[in-house]
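The data block below is protein_27.cif; it holds mmCIF, C-alpha atoms.
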data_upload
#
loop_
_atom_site.group_PDB
_atom_site.id
_atom_site.type_symbol
_atom_site.label_atom_id
_atom_site.label_comp_id
_atom_site.auth_asym_id
_atom_site.auth_seq_id
_atom_site.Cartn_x
_atom_site.Cartn_y
_atom_site.Cartn_z
ATOM 1 C CA GLN A 1 12.069 15.707 29.520
ATOM 2 C CA ILE A 2 10.330 13.393 27.100
ATOM 3 C CA HIS A 3 7.691 11.054 28.526
ATOM 4 C CA SER A 4 5.586 8.332 26.990
ATOM 5 C CA LEU A 5 1.946 9.256 26.431
ATOM 6 C CA ARG A 6 -0.666 6.573 25.839
ATOM 7 C CA GLY A 7 -4.389 6.576 25.217
ATOM 8 C CA ASN A 8 -6.754 7.851 22.575
ATOM 9 C CA VAL A 9 -6.589 11.448 21.359
ATOM 10 C CA GLY A 10 -9.151 12.656 23.901
ATOM 11 C CA THR A 11 -7.234 11.081 26.777
ATOM 12 C CA ARG A 12 -3.977 12.578 25.573
ATOM 13 C CA LEU A 13 -5.483 16.055 25.266
ATOM 14 C CA SER A 14 -7.006 15.719 28.747
ATOM 15 C CA LYS A 15 -3.580 14.957 30.182
ATOM 16 C CA LEU A 16 -2.268 18.116 28.515
ATOM 17 C CA ASP A 17 -5.209 20.182 29.767
ATOM 18 C CA ASN A 18 -4.776 18.827 33.313
ATOM 19 C CA GLY A 19 -1.145 19.934 33.397
ATOM 20 C CA GLU A 20 0.417 16.473 33.270
ATOM 21 C CA PHE A 21 2.372 17.620 30.205
ATOM 22 C CA ASP A 22 3.668 21.014 29.101
ATOM 23 C CA ALA A 23 3.228 20.051 25.454
ATOM 24 C CA ILE A 24 2.343 16.992 23.401
ATOM 25 C CA ILE A 25 2.849 16.055 19.772
ATOM 26 C CA LEU A 26 -0.093 14.487 17.962
ATOM 27 C CA ALA A 27 -0.859 13.771 14.338
ATOM 28 C CA GLY A 28 -2.423 16.845 12.761
ATOM 29 C CA ALA A 29 -4.370 14.635 10.352
ATOM 30 C CA GLY A 30 -6.051 12.866 13.259
ATOM 31 C CA LEU A 31 -6.999 16.103 14.982
ATOM 32 C CA LYS A 32 -8.444 17.441 11.733
ATOM 33 C CA ARG A 33 -10.474 14.267 11.170
ATOM 34 C CA LEU A 34 -11.900 14.611 14.675
ATOM 35 C CA GLY A 35 -12.787 18.272 14.099
ATOM 36 C CA TRP A 36 -10.238 19.550 16.616
ATOM 37 C CA GLU A 37 -8.172 21.760 14.286
ATOM 38 C CA GLU A 38 -8.267 24.552 16.871
ATOM 39 C CA ARG A 39 -6.083 22.391 19.147
ATOM 40 C CA ILE A 40 -3.239 22.468 16.614
ATOM 41 C CA GLN A 41 -0.701 25.082 17.704
ATOM 42 C CA GLU A 42 2.008 24.280 15.174
ATOM 43 C CA LEU A 43 2.492 21.858 12.303
ATOM 44 C CA ILE A 44 5.902 20.227 12.212
ATOM 45 C CA GLU A 45 7.171 19.847 8.660
ATOM 46 C CA PRO A 46 8.657 16.486 7.574
ATOM 47 C CA GLN A 47 12.038 18.171 7.078
ATOM 48 C CA ILE A 48 12.114 18.719 10.843
ATOM 49 C CA MET A 49 10.494 15.489 12.040
ATOM 50 C CA LEU A 50 9.453 12.593 9.839
ATOM 51 C CA PRO A 51 5.880 11.393 10.387
ATOM 52 C CA ALA A 52 4.687 7.887 11.099
ATOM 53 C CA ILE A 53 4.308 5.603 8.096
ATOM 54 C CA ALA A 54 1.284 6.524 5.924
ATOM 55 C CA GLN A 55 0.385 9.420 8.218
ATOM 56 C CA GLY A 56 -2.603 11.315 6.899
ATOM 57 C CA ALA A 57 -3.601 8.707 4.320
ATOM 58 C CA ILE A 58 -7.055 7.202 4.630
ATOM 59 C CA GLY A 59 -7.523 3.507 3.927
ATOM 60 C CA ILE A 60 -10.839 1.996 2.887
ATOM 61 C CA GLU A 61 -11.630 -1.677 3.340
ATOM 62 C CA HIS A 62 -14.353 -3.482 1.446
ATOM 63 C CA ARG A 63 -15.615 -7.003 0.865
ATOM 64 C CA THR A 64 -13.402 -8.750 -1.678
ATOM 65 C CA ASN A 65 -16.277 -9.903 -3.869
ATOM 66 C CA ASP A 66 -18.229 -6.610 -3.759
ATOM 67 C CA VAL A 67 -17.651 -5.319 -7.293
ATOM 68 C CA ILE A 68 -20.076 -2.390 -6.981
ATOM 69 C CA THR A 69 -18.388 -1.011 -3.868
ATOM 70 C CA ARG A 70 -14.959 -1.535 -5.436
ATOM 71 C CA LYS A 71 -15.956 0.546 -8.468
ATOM 72 C CA LEU A 72 -17.113 3.361 -6.173
ATOM 73 C CA ILE A 73 -13.897 3.224 -4.158
ATOM 74 C CA ASP A 74 -11.727 3.195 -7.295
ATOM 75 C CA LYS A 75 -12.950 6.719 -8.038
ATOM 76 C CA LEU A 76 -11.482 7.891 -4.720
ATOM 77 C CA ILE A 77 -7.989 6.507 -5.237
ATOM 78 C CA ASP A 78 -5.244 9.102 -5.561
ATOM 79 C CA THR A 79 -2.461 7.400 -7.517
ATOM 80 C CA THR A 80 0.283 9.670 -6.174
ATOM 81 C CA THR A 81 -0.711 8.979 -2.573
ATOM 82 C CA GLN A 82 -1.017 5.271 -3.292
ATOM 83 C CA GLN A 83 2.502 5.113 -4.745
ATOM 84 C CA CYS A 84 3.972 7.006 -1.782
ATOM 85 C CA ILE A 85 2.143 4.865 0.754
ATOM 86 C CA THR A 86 3.246 1.706 -1.058
ATOM 87 C CA ALA A 87 6.885 2.743 -0.600
ATOM 88 C CA GLU A 88 6.364 3.735 3.049
ATOM 89 C CA ARG A 89 4.522 0.518 3.914
ATOM 90 C CA ALA A 90 7.212 -1.599 2.247
ATOM 91 C CA LEU A 91 9.780 0.182 4.437
ATOM 92 C CA ASN A 92 7.715 -0.567 7.529
ATOM 93 C CA ALA A 93 7.054 -4.188 6.541
ATOM 94 C CA ARG A 94 10.743 -4.940 5.982
ATOM 95 C CA LEU A 95 11.559 -3.415 9.373
ATOM 96 C CA GLU A 96 8.690 -5.436 10.902
ATOM 97 C CA GLY A 97 7.328 -2.216 12.355
ATOM 98 C CA GLY A 98 4.273 -1.866 14.522
ATOM 99 C CA CYS A 99 2.689 0.861 16.579
ATOM 100 C CA GLN A 100 5.153 0.500 19.464
ATOM 101 C CA VAL A 101 8.423 0.946 17.591
ATOM 102 C CA PRO A 102 10.075 4.262 16.665
ATOM 103 C CA ILE A 103 9.968 4.046 12.866
ATOM 104 C CA ALA A 104 9.163 6.966 10.593
ATOM 105 C CA GLY A 105 8.902 7.267 6.855
ATOM 106 C CA TYR A 106 7.881 9.863 4.330
ATOM 107 C CA ALA A 107 7.671 9.647 0.564
ATOM 108 C CA ILE A 108 6.881 12.292 -2.022
ATOM 109 C CA ILE A 109 6.850 12.261 -5.793
ATOM 110 C CA ASN A 110 8.868 14.898 -7.592
ATOM 111 C CA ALA A 111 9.621 14.980 -11.320
ATOM 112 C CA GLY A 112 8.337 11.443 -11.781
ATOM 113 C CA GLU A 113 10.474 9.928 -9.032
ATOM 114 C CA ILE A 114 9.666 8.819 -5.517
ATOM 115 C CA HIS A 115 11.863 10.394 -2.858
ATOM 116 C CA ILE A 116 11.578 8.417 0.377
ATOM 117 C CA GLN A 117 13.137 9.078 3.763
ATOM 118 C CA GLY A 118 13.226 6.618 6.632
ATOM 119 C CA LEU A 119 14.197 6.726 10.269
ATOM 120 C CA VAL A 120 14.602 4.312 13.161
ATOM 121 C CA GLY A 121 15.372 5.655 16.601
ATOM 122 C CA GLU A 122 15.739 4.910 20.261
ATOM 123 C CA VAL A 123 12.495 5.441 22.152
ATOM 124 C CA ASP A 124 14.102 8.314 24.081
ATOM 125 C CA GLY A 125 15.600 9.831 20.922
ATOM 126 C CA SER A 126 19.181 9.326 22.092
ATOM 127 C CA GLU A 127 20.131 7.559 18.854
ATOM 128 C CA ILE A 128 18.592 8.025 15.420
ATOM 129 C CA ILE A 129 19.447 6.298 12.160
ATOM 130 C CA LYS A 130 18.274 7.951 8.939
ATOM 131 C CA ALA A 131 18.494 7.154 5.257
ATOM 132 C CA ASN A 132 16.890 8.307 2.037
ATOM 133 C CA LEU A 133 16.534 7.040 -1.480
ATOM 134 C CA GLN A 134 14.923 7.975 -4.746
ATOM 135 C CA GLY A 135 13.817 6.041 -7.782
ATOM 136 C CA SER A 136 11.086 5.290 -10.256
ATOM 137 C CA VAL A 137 7.442 5.470 -9.181
ATOM 138 C CA THR A 138 7.002 2.064 -10.794
ATOM 139 C CA SER A 139 9.329 0.590 -8.147
ATOM 140 C CA ALA A 140 7.675 2.021 -5.035
ATOM 141 C CA ALA A 141 7.648 -1.194 -2.995
ATOM 142 C CA GLU A 142 11.193 -2.091 -3.979
ATOM 143 C CA LEU A 143 12.404 1.383 -2.971
ATOM 144 C CA GLY A 144 10.820 1.041 0.454
ATOM 145 C CA THR A 145 12.381 -2.377 0.978
ATOM 146 C CA THR A 146 15.794 -1.179 -0.207
ATOM 147 C CA LEU A 147 15.627 1.812 2.121
ATOM 148 C CA ALA A 148 14.782 -0.500 5.021
ATOM 149 C CA ASN A 149 17.775 -2.679 4.145
ATOM 150 C CA ASN A 150 19.981 0.438 4.150
ATOM 151 C CA LEU A 151 18.709 1.317 7.633
ATOM 152 C CA LEU A 152 19.310 -2.250 8.830
ATOM 153 C CA GLU A 153 22.875 -2.124 7.487
ATOM 154 C CA GLN A 154 23.412 1.021 9.599
ATOM 155 C CA GLY A 155 22.241 -0.743 12.784
ATOM 156 C CA ALA A 156 18.479 -0.194 12.831
ATOM 157 C CA GLY A 157 17.890 -3.846 13.737
ATOM 158 C CA ARG A 158 19.753 -3.358 17.004
ATOM 159 C CA LEU A 159 17.599 -0.337 17.906
ATOM 160 C CA LEU A 160 14.384 -2.153 17.028
ATOM 161 C CA GLN A 161 15.391 -5.188 19.080
ATOM 162 C CA LYS A 162 16.132 -2.964 22.090
ATOM 163 C CA CYS A 163 12.643 -1.525 21.767
ATOM 164 C CA LEU A 164 11.058 -4.977 21.614
ATOM 165 C CA ASP A 165 13.114 -6.202 24.587
ATOM 166 C CA ALA A 166 12.094 -3.246 26.764
#
Would you write out, as structure tokens, the structure that this file holds?
Amino acid sequence: QIHSLRGNVGTRLSKLDNGEFDAIILAGAGLKRLGWEERIQELIEPQIMLPAIAQGAIGIEHRTNDVITRKLIDKLIDTTTQQCITAERALNARLEGGCQVPIAGYAIINAGEIHIQGLVGEVDGSEIIKANLQGSVTSAAELGTTLANNLLEQGAGRLLQKCLDA
């Protein structure tokens, strides 16, 4: 059976350790950031299960008028990651996704093109709608939005509304 699991990472791991769950799925990136790599038993590849939007990417916020900090941050920007995340976030924005809705997205760049996959599902996994698209890296946001529209045309809006109504 699949059950909902809420709380921070420590709380979720405690519930596993206390026998409330036989297994749990957490973001590997989060466990690594917290220094808990030893808790990872298996990494699930995106071909098997798409991750949450922008999973594993680190965002940095700064004061808008702080030019010095901005110059330091600019050195950290990975253009490939930024283009992929732009596509994924556009997908999520068009679907009006939040942390409580079953939306997944994953983009990679291959041979100068973004390949993006998207998914909307029932909370219990009983129905899943998937789509994918590829196009120019210069159109990352447009690709994400177009992919979201494809998912909506397949009925994703109905699934998202059911989630919000629950």
Expand the PyMOL selection byres ((chain A and resi 9) around 10) into the individual residues it matches in the shown file, reporting them as a ChimeraX atom specification. /A:6-8,10-15,26-27,30-31,34
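For the set A:Pro102, A:Gly157, A:Gly59, A:Gly35, the residue with the smallest atom-to-atom gap to Gly121 (chain A) is A:Pro102, counting only C-alpha atoms.
Note that the spacing between CA of Ala29 (chain A) and CA of Gly144 (chain A) amounts to 22.7 Å.
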Evaluate the PyMOL selection byres ((chain A and resi 69-85) around 10) here and jot the selected residues down as a ChimeraX atom specification. /A:53-68,86-91,105-109,112,114-116,137-141,144
To one decimal place in Å, what is the distance between CA of Glu122 (chain A) and CA of Asn18 (chain A)? 28.0 Å
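Among the candidate residues A:Cys163, A:Ile40, A:Ala52, A:Leu147, the one lying nearest to Gln134 (chain A) is A:Leu147, with distances computed using all atoms listed in the file.
Note that the spacing between CA of Leu50 (chain A) and CA of Gly118 (chain A) amounts to 7.8 Å.
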Write out, as JSON lines, each residue of region 48-125 of chain A that has an atom at most 8 Å from region 148-151 of chain A, together with the closest pair of atoms and their distance in Å to one decimal, counting only C-alpha atoms, rows going by chain and rising number.
{"residue": "A:Leu91", "atom": "CA", "partner": "A:Ala148", "partner_atom": "CA", "distance": 5.1}
{"residue": "A:Asn92", "atom": "CA", "partner": "A:Ala148", "partner_atom": "CA", "distance": 7.5}
{"residue": "A:Arg94", "atom": "CA", "partner": "A:Ala148", "partner_atom": "CA", "distance": 6.1}
{"residue": "A:Leu95", "atom": "CA", "partner": "A:Ala148", "partner_atom": "CA", "distance": 6.2}
{"residue": "A:Gly118", "atom": "CA", "partner": "A:Ala148", "partner_atom": "CA", "distance": 7.5}
{"residue": "A:Leu119", "atom": "CA", "partner": "A:Leu151", "partner_atom": "CA", "distance": 7.5}
{"residue": "A:Val120", "atom": "CA", "partner": "A:Leu151", "partner_atom": "CA", "distance": 7.5}
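Within the file as shown, the PyMOL selection byres ((chain A and resi 41) around 12) identifies A:Ala23, A:Ile24, A:Ile25, A:Leu26, A:Ala27, A:Gly28, A:Leu31, A:Trp36, A:Glu37, A:Glu38, A:Arg39, A:Ile40, A:Glu42, A:Leu43, A:Ile44.
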Could you put an axis-aligned box around every listed atom of region 72-87 of chain A, padded by 5 Å on each side, and send me its centre and edge lengths in Å to one decimal, as lines of an AutoDock Vina configuration file?
center_x = -5.1
center_y = 5.7
center_z = -3.6
size_x = 34.0
size_y = 18.0
size_z = 18.8
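Each of A:Leu164, A:Leu16, A:Asp22, A:Pro51 was checked against Gly98 (chain A) using all atoms listed in the file; the smallest atom-to-atom distance is that of A:Leu164.
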